[in-house]
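This report refers to the structure that appears directly beneath it.
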Amino acid sequence: MGAKIFAALIVLLARFITAVRGRWEGVEPVDGHRIYFANHASHGDFILIWTVLPRRLRQRTRPVAGADYWLKGGLKSFIGRDVFNAVLIDRERENRTEDPVALMAAALDEGASLIVFPEGTRNTTEAPLLPFKSGLYHLAKARPDVDLVPVWIDNLNRVMPKGEIVPIPLICTVAFGAPLHVGAAESKEEFIARAEAAVLALSPRSAVS
Amino acid sequence: MSALHPDLLTLLGILLAVLGAASAIGYVLQRRLSPDGSNPVIENLNDRIRAWWVMVILMALALIGGRTGATLLFALCSFAALREFVTLIDTRRADHWALAAAFFVVLPVQYYLIWIGWYGLYSIFIPVYAFLLMPIVAALRGDTDHYLIRIAEVQWALMICVFCVSHVPALLSLEIPGYEGRNVLLIAFLVIVVQSSDVLQYVWGKLFGRTKIAPKLSPSKTVEGLAGGALSATLIGVGLSWMTPFTPLQAGFLSLVIVVMGFFGGLVMSAIKRDRGVKDWGHLIAGHGGFIDRLDSVLFSAPIFFHLVRFWWSVT
């Protein structure tokens, strides 16, 4: 109950600050087994995606997040676990006990859709996108029927740059592109390059330059 | 909340009738010309009429709510407008605190001053205090790249979106002998004249428009549209003189000033959009683009109308 109210408040706040609107440019906001993969510049990224999803989809869509960040502290783990029902994965390759791809595949098998940020960490550089990690490829291979929907979140990095605590109200958009599937003969490098290009193609700045 | 003035009720009745007629016409046109929703002009017209309903209902609630309601409504308008404006300017990390101050300090303080009716401070708070304080905040962060441009952009955003808009509810603090308790109707007068001028310029321009005024800026603005729209909106203003402290002639003169300032306000805001390479300020209102797209002509006419009325009619 508390988590539901909290979630509604977060969505309301996101709308107040960003007046966020979803642009569905190659896919419709309908039911489906999906992995939304997006650029990652701010902690608010999955909140924005969540906000523009219709309520019915929102309830079944779980963000994938780093356990090292979201299990620190009471409030963070309340938000991560109870409010957003995140699939928490261990980003440290060396001493992890569970395979992230297996965890994500299990969540998909339970009927959830996922939100992932294949850059692996928040992008604080000048480059529009960091190189993707290979997890997306392995997940796509493991669950080939799932639609991989590219997503571009625009402007949120200006709302709250890393290290700031007060957000600046700015209009944000979330663009959803046509779904991808990994080809039977496609190599990991080819697929990752294609996925990166699909996300970048949704950025308004890539249309200009 | 005190009992509503009969003039306000009359006005709301008229607005209801006009919008009702517009909705009926829109419905018939849609049935006749665009039964499957394929005619973009008709669909846009109906979107606009629906948005008008929302605007009129919000305005009516604000006016019924008196000073608190109107101040709150326009504070929210300022917030939405500032959000759109700042989205289009080049901000940097170094401007973060100055911008946060604009949204969360300057805007609320300005509207608080309006609400308590402190003319001596709200008329200079932004152009003096905010304009001196914000460059200081930005300078303290040490990034001098494009410093002057960044400061100027933020100052303009505040001037347009907060200072100008706040002069609409400021009309409530005027004290006009013999007009006590009816000041909300001045807001209605201003907004109705400005908005009907927008609509009528569009209609006259569509019907008779030939000579473009500023083809580079706004290809839809024509001399014929401006003349026809301005004159007919002025006539509407004359027709509304019964609810103002003005004689019909005075109401006509003030309407003309409002309409001309509104026109040039729209032109200036188009110039900014061109500069930033966008067509609309945002996506908040279906059929109208952003908030500023709907507000642009009120922005420039509100402070002028306020000061003219204050100078000649008000005792404060």
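A note on labels: chains of the structure tokens are A, B, ... as shown, every chain counts residues from 1, and ligands are counted from 1 in their shown order.
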
### Task
Using only C-alpha atoms, find which residues of chain A lie within 9 Å of chain B and jot them down as a ChimeraX atom specification.
/A:16-19,21,155,158-161,164,166-172

Could the residues in this selection be written to a file with N, CA and C atoms, as an mmCIF file, in the first residue's frame?
data_model
loop_
_atom_site.group_PDB
_atom_site.id
_atom_site.type_symbol
_atom_site.label_atom_id
_atom_site.label_comp_id
_atom_site.auth_asym_id
_atom_site.auth_seq_id
_atom_site.Cartn_x
_atom_site.Cartn_y
_atom_site.Cartn_z
ATOM 1 N N PHE A 16 5.338 16.684 -13.053
ATOM 2 C CA PHE A 16 5.427 18.093 -12.678
ATOM 3 C C PHE A 16 6.753 18.688 -13.142
ATOM 4 N N ILE A 17 7.829 17.963 -12.927
ATOM 5 C CA ILE A 17 9.148 18.488 -13.257
ATOM 6 C C ILE A 17 9.410 18.433 -14.761
ATOM 7 N N THR A 18 8.978 17.377 -15.438
ATOM 8 C CA THR A 18 9.426 17.174 -16.814
ATOM 9 C C THR A 18 8.312 17.198 -17.853
ATOM 10 N N ALA A 19 7.054 17.255 -17.445
ATOM 11 C CA ALA A 19 5.933 17.199 -18.398
ATOM 12 C C ALA A 19 6.181 16.117 -19.443
ATOM 13 N N ARG A 21 6.537 13.204 -22.097
ATOM 14 C CA ARG A 21 5.623 12.624 -23.062
ATOM 15 C C ARG A 21 6.325 11.483 -23.788
ATOM 16 N N ASN A 155 16.857 14.810 -22.539
ATOM 17 C CA ASN A 155 16.875 16.013 -21.701
ATOM 18 C C ASN A 155 16.999 15.753 -20.202
ATOM 19 N N ARG A 158 19.884 17.061 -18.244
ATOM 20 C CA ARG A 158 19.937 18.488 -17.916
ATOM 21 C C ARG A 158 19.078 18.806 -16.695
ATOM 22 N N VAL A 159 18.051 17.983 -16.451
ATOM 23 C CA VAL A 159 17.176 18.228 -15.301
ATOM 24 C C VAL A 159 17.963 18.077 -14.003
ATOM 25 N N MET A 160 18.738 17.027 -13.923
ATOM 26 C CA MET A 160 19.488 16.773 -12.697
ATOM 27 C C MET A 160 20.851 16.207 -13.039
ATOM 28 N N PRO A 161 21.815 17.068 -13.357
ATOM 29 C CA PRO A 161 23.156 16.565 -13.662
ATOM 30 C C PRO A 161 23.730 15.849 -12.442
ATOM 31 N N GLU A 164 24.057 17.037 -8.507
ATOM 32 C CA GLU A 164 23.115 18.065 -8.068
ATOM 33 C C GLU A 164 21.992 17.412 -7.277
ATOM 34 N N VAL A 166 18.959 19.429 -6.486
ATOM 35 C CA VAL A 166 17.692 20.072 -6.822
ATOM 36 C C VAL A 166 17.455 19.946 -8.325
ATOM 37 N N PRO A 167 16.337 19.338 -8.741
ATOM 38 C CA PRO A 167 16.092 19.220 -10.175
ATOM 39 C C PRO A 167 15.603 20.545 -10.769
ATOM 40 N N ILE A 168 15.949 20.778 -12.022
ATOM 41 C CA ILE A 168 15.414 21.939 -12.734
ATOM 42 C C ILE A 168 14.292 21.452 -13.637
ATOM 43 N N PRO A 169 13.117 22.066 -13.574
ATOM 44 C CA PRO A 169 12.024 21.632 -14.445
ATOM 45 C C PRO A 169 12.347 21.899 -15.916
ATOM 46 N N LEU A 170 12.348 20.860 -16.711
ATOM 47 C CA LEU A 170 12.580 20.965 -18.151
ATOM 48 C C LEU A 170 11.717 19.912 -18.823
ATOM 49 N N ILE A 171 11.313 20.191 -20.058
ATOM 50 C CA ILE A 171 10.460 19.229 -20.748
ATOM 51 C C ILE A 171 11.288 18.069 -21.289
ATOM 52 N N CYS A 172 10.882 16.866 -20.966
ATOM 53 C CA CYS A 172 11.593 15.666 -21.416
ATOM 54 C C CYS A 172 10.687 14.841 -22.329
#

### Task
Quick one: everything within 10 Å of region 124-131 of chain A, counting only C-alpha atoms, minus sequence neighbours fewer than 2 positions away in the same chain. Send it as a list in words.
Ala38, Asn39, His40, Ala41, Ser42, Pro118, Glu119, Gly120, Thr121, Arg122, Lys133, Ser134, Asn157, Pro161, Lys162, Ile192, Ala193, Glu196, Ala197, Val199, Leu200, Ser203, Arg205 and Ser206 of chain A

#### Entry: Minimum-distance residue to Val199 (chain B), chosen among B:Ile160, B:Ala170, B:Ala24, B:Ile49 (using only C-alpha atoms)
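When distances to Val199 (chain B) are compared using only C-alpha atoms, the smallest one comes from B:Ile49.
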
### Task
Check the DSSP output for the backbone and give back, as a ChimeraX atom specification, the residues of region 28-203 of chain A in alpha helix (DSSP H).
/A:45-52,55-60,67-70,74-77,100-109,135-142,156-159,188-200

### Message
Excluding region 203-218 of chain B and its own-chain neighbours fewer than 6 positions away, which residues fall within 10 Å of it when counting only C-alpha atoms? Please give them as a PyMOL selection string.
### Response
chain B and resi 197+224-230+232+266-275

Write out, as a compact mmCIF listing (two decimals), in the first residue's frame, the residues just selected, with C-alpha atoms.
# COMPACT_ATOMS: atom_id res chain seq x y z
CA SER B 197 -7.89 38.79 -31.37
CA GLU B 224 -5.31 41.81 -43.75
CA GLY B 225 -5.48 39.33 -40.88
CA LEU B 226 -3.98 41.81 -38.45
CA ALA B 227 -6.24 44.70 -39.51
CA GLY B 228 -9.42 42.64 -39.56
CA GLY B 229 -8.58 40.77 -36.38
CA ALA B 230 -7.47 43.87 -34.48
CA SER B 232 -13.03 43.09 -34.70
CA GLY B 266 3.42 36.82 -30.80
CA LEU B 267 5.92 38.06 -33.36
CA VAL B 268 8.75 38.29 -30.83
CA MET B 269 8.01 34.85 -29.45
CA SER B 270 8.03 33.47 -33.02
CA ALA B 271 11.44 35.07 -33.54
CA ILE B 272 12.73 33.20 -30.49
CA LYS B 273 11.26 29.93 -31.77
CA ARG B 274 12.92 30.49 -35.16
CA ASP B 275 16.20 31.21 -33.44

### Message
When you look at Gly135 (chain A) with a cut-off of 9 Å (counting only C-alpha atoms), what residues show up, excluding the ones that are within fewer than 3 positions of it in the same chain? I need them as a PyMOL selection string.
### Response
chain A and resi 100-101+118+132+138-140
